[in-house]
$ cat target14.txt   # compact mmCIF, C-alpha atoms
# COMPACT_ATOMS: atom_id res chain seq x y z
CA MET A 1 -252.29 -79.82 77.50
CA ALA A 2 -250.98 -79.69 81.03
CA ILE A 3 -252.98 -81.49 83.66
CA THR A 4 -251.77 -81.95 87.21
CA VAL A 5 -252.13 -85.49 88.56
CA SER A 6 -251.97 -86.22 92.30
CA ILE A 7 -250.31 -89.54 92.91
CA PRO A 8 -251.24 -91.84 95.83
CA THR A 9 -248.35 -92.57 98.22
CA ILE A 10 -247.72 -96.09 96.95
CA LEU A 11 -247.40 -95.00 93.31
CA ARG A 12 -244.94 -92.21 94.12
CA THR A 13 -242.22 -94.84 93.78
CA HIS A 14 -242.91 -94.51 90.05
CA THR A 15 -242.69 -90.71 90.04
CA GLY A 16 -239.43 -90.33 91.91
CA GLY A 17 -241.32 -89.50 95.10
CA GLU A 18 -243.28 -86.63 93.52
CA LYS A 19 -246.74 -86.08 95.02
CA SER A 20 -248.02 -84.67 91.76
CA VAL A 21 -246.85 -84.76 88.18
CA GLU A 22 -248.00 -83.26 84.91
CA ALA A 23 -249.65 -85.31 82.22
CA SER A 24 -251.52 -84.68 79.02
CA GLY A 25 -254.62 -86.16 77.44
CA SER A 26 -258.26 -85.40 76.83
CA THR A 27 -259.72 -88.31 78.82
CA VAL A 28 -258.79 -90.11 82.03
CA SER A 29 -257.74 -93.07 79.91
CA GLU A 30 -255.33 -90.91 77.91
CA ILE A 31 -253.92 -89.42 81.11
CA ILE A 32 -253.22 -92.92 82.45
CA ALA A 33 -251.56 -93.89 79.16
CA ASP A 34 -249.41 -90.75 79.32
CA LEU A 35 -248.41 -91.45 82.95
CA ASP A 36 -247.58 -94.99 81.94
CA ALA A 37 -245.42 -93.80 79.05
CA LYS A 38 -243.55 -91.31 81.22
CA HIS A 39 -243.25 -93.21 84.48
CA GLY A 40 -244.38 -96.81 83.94
CA GLY A 41 -246.39 -98.88 86.37
CA PHE A 42 -249.71 -97.05 86.07
CA LYS A 43 -251.90 -98.71 83.50
CA ASP A 44 -251.51 -102.29 84.71
CA ARG A 45 -252.32 -101.23 88.22
CA LEU A 46 -255.20 -98.87 87.65
CA VAL A 47 -257.04 -100.48 84.77
CA LYS A 48 -258.50 -103.96 84.89
CA ASP A 49 -260.39 -105.56 81.99
CA GLY A 50 -260.78 -102.18 80.34
CA SER A 51 -262.34 -100.49 83.37
CA LEU A 52 -261.04 -98.59 86.33
CA HIS A 53 -259.96 -101.09 89.02
CA ARG A 54 -262.68 -101.38 91.65
CA PHE A 55 -260.35 -100.44 94.49
CA VAL A 56 -259.14 -97.26 92.80
CA ASN A 57 -260.86 -93.88 92.79
CA ILE A 58 -259.98 -91.28 90.18
CA TYR A 59 -261.28 -87.75 90.40
CA VAL A 60 -261.26 -84.96 87.83
CA ASN A 61 -261.10 -81.84 89.96
CA ASP A 62 -263.33 -82.97 92.82
CA GLU A 63 -265.63 -85.25 90.81
CA ASP A 64 -265.34 -89.04 91.10
CA VAL A 65 -265.10 -90.23 87.48
CA ARG A 66 -267.29 -93.24 88.25
CA PHE A 67 -270.16 -90.83 87.93
CA ALA A 68 -268.72 -88.88 85.02
CA GLY A 69 -267.94 -91.41 82.30
CA GLY A 70 -265.31 -93.59 83.99
CA LEU A 71 -262.07 -93.91 82.04
CA GLU A 72 -263.63 -91.91 79.21
CA ALA A 73 -264.38 -88.95 81.49
CA PRO A 74 -263.18 -85.78 79.74
CA VAL A 75 -260.20 -83.85 81.07
CA SER A 76 -259.28 -80.31 80.04
CA ASP A 77 -256.21 -78.17 80.25
CA GLY A 78 -255.77 -76.88 83.78
CA ASP A 79 -257.81 -79.66 85.40
CA SER A 80 -256.41 -81.62 88.29
CA VAL A 81 -256.71 -85.38 88.42
CA THR A 82 -256.43 -87.26 91.72
CA ILE A 83 -255.81 -90.99 92.11
CA LEU A 84 -256.69 -92.57 95.45
CA PRO A 85 -257.24 -96.05 96.86
CA ALA A 86 -260.96 -96.84 97.21
CA VAL A 87 -261.43 -98.07 100.74
CA ALA A 88 -264.02 -100.70 101.65
CA GLY A 89 -264.29 -104.05 103.35
CA GLY A 90 -266.29 -105.83 105.96
CA SER A 91 -266.87 -108.73 108.25
CA MET B 1 -262.82 -98.60 120.17
CA LYS B 2 -264.95 -95.69 121.29
CA HIS B 3 -265.99 -94.97 117.71
CA ALA B 4 -266.66 -98.66 117.10
CA ARG B 5 -268.81 -98.97 120.22
CA GLU B 6 -270.79 -95.86 119.37
CA GLU B 7 -271.54 -97.15 115.87
CA ASP B 8 -272.28 -100.72 116.96
CA PRO B 9 -274.11 -102.68 115.49
CA HIS B 10 -272.96 -100.82 112.37
CA GLU B 11 -269.33 -100.98 111.29
CA ALA B 12 -267.23 -97.91 112.05
CA CYS B 13 -264.29 -96.72 109.96
CA GLY B 14 -261.70 -94.00 109.85
CA ILE B 15 -258.03 -93.18 109.73
CA ILE B 16 -255.32 -91.99 112.05
CA ALA B 17 -253.15 -89.44 110.31
CA GLY B 18 -249.54 -88.62 111.08
CA PRO B 19 -246.59 -86.84 109.50
CA GLU B 20 -245.94 -88.25 106.04
CA GLY B 21 -243.25 -90.90 106.00
CA THR B 22 -243.51 -91.53 109.73
CA GLU B 23 -245.29 -94.16 111.80
CA ARG B 24 -246.67 -91.66 114.29
CA PRO B 25 -250.46 -91.91 114.68
CA ASP B 26 -251.38 -88.35 115.70
CA ARG B 27 -254.86 -87.46 114.60
CA LEU B 28 -257.90 -89.71 114.54
CA ILE B 29 -260.40 -88.84 111.82
CA ARG B 30 -263.76 -90.57 111.86
CA MET B 31 -265.06 -91.36 108.39
CA ILE B 32 -268.62 -91.83 107.22
CA ASN B 33 -269.48 -95.49 106.64
CA ALA B 34 -270.85 -95.34 103.10
CA ALA B 35 -272.80 -98.55 103.75
CA LYS B 36 -274.86 -96.90 106.48
CA PRO B 37 -277.99 -95.09 105.34
CA SER B 38 -277.99 -91.38 106.12
CA ASP B 39 -280.74 -88.79 105.84
CA ASP B 40 -279.44 -87.75 102.40
CA GLU B 41 -281.05 -90.02 99.81
CA SER B 42 -278.96 -88.75 96.87
CA ALA B 43 -275.72 -89.34 98.79
CA ASP B 44 -276.96 -92.79 99.81
CA GLN B 45 -277.76 -93.65 96.20
CA ARG B 46 -274.25 -92.64 95.11
CA ARG B 47 -272.67 -94.57 98.00
CA ARG B 48 -274.71 -97.70 97.18
CA GLU B 49 -273.44 -97.59 93.60
CA GLU B 50 -269.85 -97.11 94.73
CA LEU B 51 -270.02 -99.99 97.19
CA ALA B 52 -271.79 -102.34 94.79
CA GLU B 53 -268.84 -102.00 92.44
CA ARG B 54 -266.19 -102.37 95.13
CA ARG B 55 -267.60 -105.41 96.87
CA GLY B 56 -267.83 -107.43 93.64
CA GLU B 57 -268.10 -111.10 94.59
CA HIS B 58 -268.00 -110.28 98.31
CA ASP B 59 -271.67 -109.40 98.16
CA SER B 60 -272.85 -111.51 101.05
CA TYR B 61 -271.83 -112.34 104.58
CA ASP B 62 -273.01 -115.59 106.14
CA GLY B 63 -275.62 -115.92 103.38
CA GLU B 64 -277.06 -112.44 103.96
CA LYS B 65 -276.76 -109.45 101.67
CA ARG B 66 -274.25 -106.99 103.10
CA THR B 67 -275.42 -104.01 105.11
CA SER B 68 -273.59 -101.51 107.31
CA ARG B 69 -273.53 -104.24 109.99
CA THR B 70 -271.23 -106.31 107.81
CA GLU B 71 -269.61 -103.78 105.50
CA TYR B 72 -267.90 -100.42 105.53
CA GLY B 73 -266.63 -98.11 102.84
CA PHE B 74 -265.19 -94.64 102.75
CA ASP B 75 -267.47 -92.18 101.00
CA SER B 76 -265.48 -91.19 97.90
CA ARG B 77 -266.21 -87.47 98.26
CA GLU B 78 -265.34 -87.31 101.94
CA TRP B 79 -262.19 -89.37 101.33
CA PHE B 80 -261.15 -86.91 98.62
CA GLN B 81 -261.59 -83.96 100.98
CA VAL B 82 -259.73 -85.70 103.79
CA THR B 83 -256.77 -86.66 101.62
CA ARG B 84 -256.56 -83.12 100.27
CA GLU B 85 -256.38 -81.88 103.85
CA LEU B 86 -253.74 -84.48 104.72
CA ASP B 87 -251.64 -83.48 101.71
CA SER B 88 -251.81 -79.82 102.66
CA ARG B 89 -250.53 -80.72 106.14
CA ASP B 90 -247.85 -83.12 104.82
CA GLU B 91 -249.63 -85.97 106.55
CA TRP B 92 -250.63 -89.44 105.45
CA PRO B 93 -252.85 -92.16 106.87
CA VAL B 94 -250.63 -94.09 109.28
CA VAL B 95 -253.60 -96.24 110.25
CA MET B 96 -256.84 -97.14 108.49
CA TYR B 97 -259.29 -98.74 110.87
CA HIS B 98 -262.67 -100.39 110.81
CA SER B 99 -264.75 -102.52 113.10
CA HIS B 100 -266.35 -105.92 112.80
CA THR B 101 -269.58 -106.29 114.73
CA PRO B 102 -270.75 -109.89 114.15
CA ARG B 103 -267.36 -111.59 114.43
CA GLY B 104 -263.73 -111.18 115.48
CA ALA B 105 -261.15 -108.72 114.20
CA THR B 106 -259.44 -110.76 111.52
CA PRO B 107 -259.50 -109.56 107.89
CA SER B 108 -262.17 -111.03 105.62
CA ASP B 109 -261.41 -111.91 101.99
CA TYR B 110 -263.08 -108.60 101.14
CA ASP B 111 -260.71 -106.77 103.52
CA VAL B 112 -257.68 -108.56 102.08
CA ASP B 113 -258.67 -107.68 98.50
CA ASN B 114 -258.96 -104.06 99.51
CA MET B 115 -255.74 -103.97 101.53
CA THR B 116 -253.82 -105.42 98.61
CA GLY B 117 -255.51 -103.17 96.04
CA PRO B 118 -253.38 -101.45 93.40
CA ALA B 119 -253.42 -98.00 94.98
CA SER B 120 -253.32 -99.23 98.61
CA ASP B 121 -250.08 -98.50 100.42
CA PRO B 122 -248.50 -101.52 102.13
CA ARG B 123 -247.00 -99.15 104.70
CA VAL B 124 -250.47 -98.46 106.12
CA HIS B 125 -251.35 -100.26 109.35
CA TYR B 126 -254.81 -101.73 108.98
CA VAL B 127 -256.42 -101.86 112.39
CA ILE B 128 -259.52 -103.98 112.88
CA VAL B 129 -261.45 -103.99 116.15
CA SER B 130 -264.37 -106.16 117.12
CA THR B 131 -267.47 -105.22 119.09
CA TRP B 132 -268.84 -108.76 118.88
CA GLU B 133 -269.86 -110.29 122.20
CA GLY B 134 -267.67 -113.31 121.44
CA ALA B 135 -264.61 -111.15 120.71
CA THR B 136 -261.25 -112.33 122.05
CA PRO B 137 -259.56 -109.53 124.00
CA THR B 138 -256.08 -108.76 122.70
CA VAL B 139 -255.37 -105.24 123.99
CA GLU B 140 -256.66 -103.90 127.29
CA GLY B 141 -259.84 -105.94 127.20
CA HIS B 142 -260.66 -105.17 123.54
CA GLU B 143 -260.13 -107.25 120.45
CA PHE B 144 -257.87 -104.79 118.65
CA ARG B 145 -255.63 -106.17 115.94
CA SER B 146 -253.34 -104.62 113.38
CA PHE B 147 -252.28 -105.94 109.99
CA HIS B 148 -249.98 -104.85 107.25
CA ILE B 149 -248.93 -106.08 103.85
CA VAL B 150 -245.67 -107.96 103.43
CA ASP B 151 -244.80 -109.02 99.87
CA GLY B 152 -248.43 -108.83 98.86
CA SER B 153 -249.78 -110.88 101.77
CA VAL B 154 -251.52 -109.75 104.91
CA GLU B 155 -249.63 -110.32 108.16
CA GLU B 156 -250.70 -109.54 111.68
CA GLU B 157 -248.40 -107.27 113.65
CA GLU B 158 -247.98 -106.74 117.35
CA VAL B 159 -249.83 -103.87 118.99
CA SER B 160 -248.16 -102.12 121.88
CA VAL B 161 -249.85 -99.50 124.01
CA VAL B 162 -247.73 -96.43 124.70
CA GLU B 163 -248.40 -93.44 126.89
CA SER B 164 -246.82 -90.86 124.62
CA TYR B 165 -249.33 -90.99 121.76
CA MET B 166 -252.23 -88.68 122.45
CA PHE B 167 -254.66 -88.15 119.62
CA ALA B 168 -255.30 -84.53 118.81
CA HIS B 169 -258.95 -83.56 118.82
CA THR B 170 -260.47 -83.38 115.37
CA GLY B 171 -264.07 -82.74 116.30
CA ALA B 172 -266.28 -81.87 119.23
CA ASP B 173 -267.13 -85.51 119.84
CA ASP B 174 -263.60 -86.81 119.56
CA VAL B 175 -262.25 -87.78 122.91
CA PRO B 176 -258.75 -89.23 123.06
CA ASP B 177 -259.24 -92.92 123.48
CA ARG B 178 -256.42 -95.39 123.75
CA GLY B 179 -256.95 -98.84 122.42
$ encode --input "target14.txt" --output "structure tokens"
Amino acid sequence: MAITVSIPTILRTHTGGEKSVEASGSTVSEIIADLDAKHGGFKDRLVKDGSLHRFVNIYVNDEDVRFAGGLEAPVSDGDSVTILPAVAGGS
Amino acid sequence: MKHAREEDPHEACGIIAGPEGTERPDRLIRMINAAKPSDDESADQRRREELAERRGEHDSYDGEKRTSRTEYGFDSREWFQVTRELDSRDEWPVVMYHSHTPRGATPSDYDVDNMTGPASDPRVHYVIVSTWEGATPTVEGHEFRSFHIVDGSVEEEEVSVVESYMFAHTGADDVPDRG
């Protein structure tokens, strides 16, 4: 299954500078494992204690997976997955 | 600073986009502060859940539960739309900015955790401005500081004011505003 994954600028060092790469899997977790197998450097960064790192957003198409099953959110052939930093802070 | 003053006492946040791979801050884009209640209850509910997860142990400021006066966050949907637009224009966020309203413009532990997050780019310049009455002016009468990540730690960097950067208008209420 081919799924297009948009890579945040900092992680493009792992994809040879590519903005997006193809990956396969039926859940977000499987996609991350596939990216890790092909490019390295993904799983340790994005997953913490079995959950998506709190300062990372992952979207399937335009849906934030936090509201769609987290790492177990389903992904289908032709979907696009986007990884972004989650931005927050304060005084 | 204009955005920060307009939002005061709430925190303001946004980015300044420029051509990808460059350091040229061209286009200021104001972002929704997800911590600030809007008139859309379902969006607010979603934003509260997002922020609760992100802030983790940074759940209070000076003994008080965080509100939009002491916290900011990008709305995940708006951020997705903005980054898609940046990608289509071969732009990236040169600057990510936010304001502090009850204290000066130095990064909090919460800010540092976010700036050093796993998908955060150390090439981004993190600008913090302060609208606090006790602020220490650093640039043209405003407390306006910039930070970046060097080897995983936050370091302050010098801010110089130049005449040649003019922000393009991105909305009806966006007036070019140096500093």
$ closest_atom_pairs --input "target14.txt" --of "chain B" --to "chain A" --cutoff "9 Å" --atoms "only C-alpha atoms" --output "tab-separated table"
residue	atom	partner	partner_atom	distance
B:Glu11	CA	A:Gly90	CA	7.8
B:Ala34	CA	A:Ala88	CA	8.8
B:Arg46	CA	A:Phe67	CA	8.5
B:Glu50	CA	A:Arg66	CA	8.0
B:Leu51	CA	A:Ala88	CA	7.5
B:Glu53	CA	A:Arg54	CA	6.2
B:Arg54	CA	A:Arg54	CA	5.0
B:Arg55	CA	A:Gly89	CA	7.4
B:Gly56	CA	A:Arg54	CA	8.2
B:His58	CA	A:Gly89	CA	8.8
B:Tyr61	CA	A:Ser91	CA	7.1
B:Arg66	CA	A:Gly90	CA	8.5
B:Ser68	CA	A:Gly90	CA	8.6
B:Arg69	CA	A:Ser91	CA	8.2
B:Thr70	CA	A:Ser91	CA	5.0
B:Glu71	CA	A:Gly90	CA	3.9
B:Tyr72	CA	A:Ala88	CA	5.5
B:Gly73	CA	A:Ala88	CA	3.9
B:Phe74	CA	A:Val87	CA	5.5
B:Asp75	CA	A:Val87	CA	8.4
B:Ser76	CA	A:Asp64	CA	7.1
B:Arg77	CA	A:Asp64	CA	7.4
B:Trp79	CA	A:Ala86	CA	8.6
B:Phe80	CA	A:Asp62	CA	7.3
B:Gln81	CA	A:Asp62	CA	8.4
B:Thr83	CA	A:Leu84	CA	8.5
B:Asp87	CA	A:Lys19	CA	8.7
B:Trp92	CA	A:Thr9	CA	8.2
B:His98	CA	A:Gly90	CA	8.1
B:Ser99	CA	A:Gly90	CA	8.0
B:His100	CA	A:Ser91	CA	5.4
B:Thr101	CA	A:Ser91	CA	7.4
B:Pro102	CA	A:Ser91	CA	7.2
B:Arg103	CA	A:Ser91	CA	6.8
B:Gly104	CA	A:Ser91	CA	8.3
B:Ala105	CA	A:Ser91	CA	8.3
B:Thr106	CA	A:Ser91	CA	8.4
B:Pro107	CA	A:Ser91	CA	7.4
B:Ser108	CA	A:Ser91	CA	5.9
B:Asp109	CA	A:Gly89	CA	8.5
B:Tyr110	CA	A:Gly89	CA	5.2
B:Asp111	CA	A:Gly89	CA	4.5
B:Val112	CA	A:Gly89	CA	8.1
B:Asp113	CA	A:Gly89	CA	8.3
B:Asn114	CA	A:Phe55	CA	6.3
B:Met115	CA	A:Val87	CA	8.2
B:Gly117	CA	A:Phe55	CA	5.8
B:Pro118	CA	A:Arg45	CA	5.3
B:Ala119	CA	A:Pro85	CA	4.7
B:Ser120	CA	A:Pro85	CA	5.3
B:Asp121	CA	A:Ile10	CA	4.8
B:Pro122	CA	A:Ile10	CA	7.5
B:Arg123	CA	A:Ile10	CA	8.4
$ atom_distance --input "target14.txt" --atom1 "CA of Asp8 in chain B" --atom2 "CA of Thr131 in chain B"
6.9 Å
$ atom_distance --input "target14.txt" --atom1 "CA of Asn33 in chain B" --atom2 "CA of Thr138 in chain B"
24.8 Å
$ residues_near_point --input "target14.txt" --point "(-242.6, -90.3, 79.5)" --cutoff "12 Å" --atoms "only C-alpha atoms" --output "list in words"
His14, Thr15, Val21, Glu22, Ala23, Ser24, Ile31, Ile32, Ala33, Asp34, Leu35, Asp36, Ala37, Lys38, His39, Gly40, Gly41 and Phe42 of chain A
$ residues_near_point --input "target14.txt" --point "(-253.5, -84.3, 89.6)" --cutoff "6 Å" --atoms "only C-alpha atoms" --output "PyMOL selection string"
chain A and resi 4-6+20+80-82
$ closest_residue --input "target14.txt" --among "A:Val65, A:Ile3, A:Val28, A:Leu71" --to "Gly50 in chain A" --atoms "all atoms listed in the file"
A:Leu71
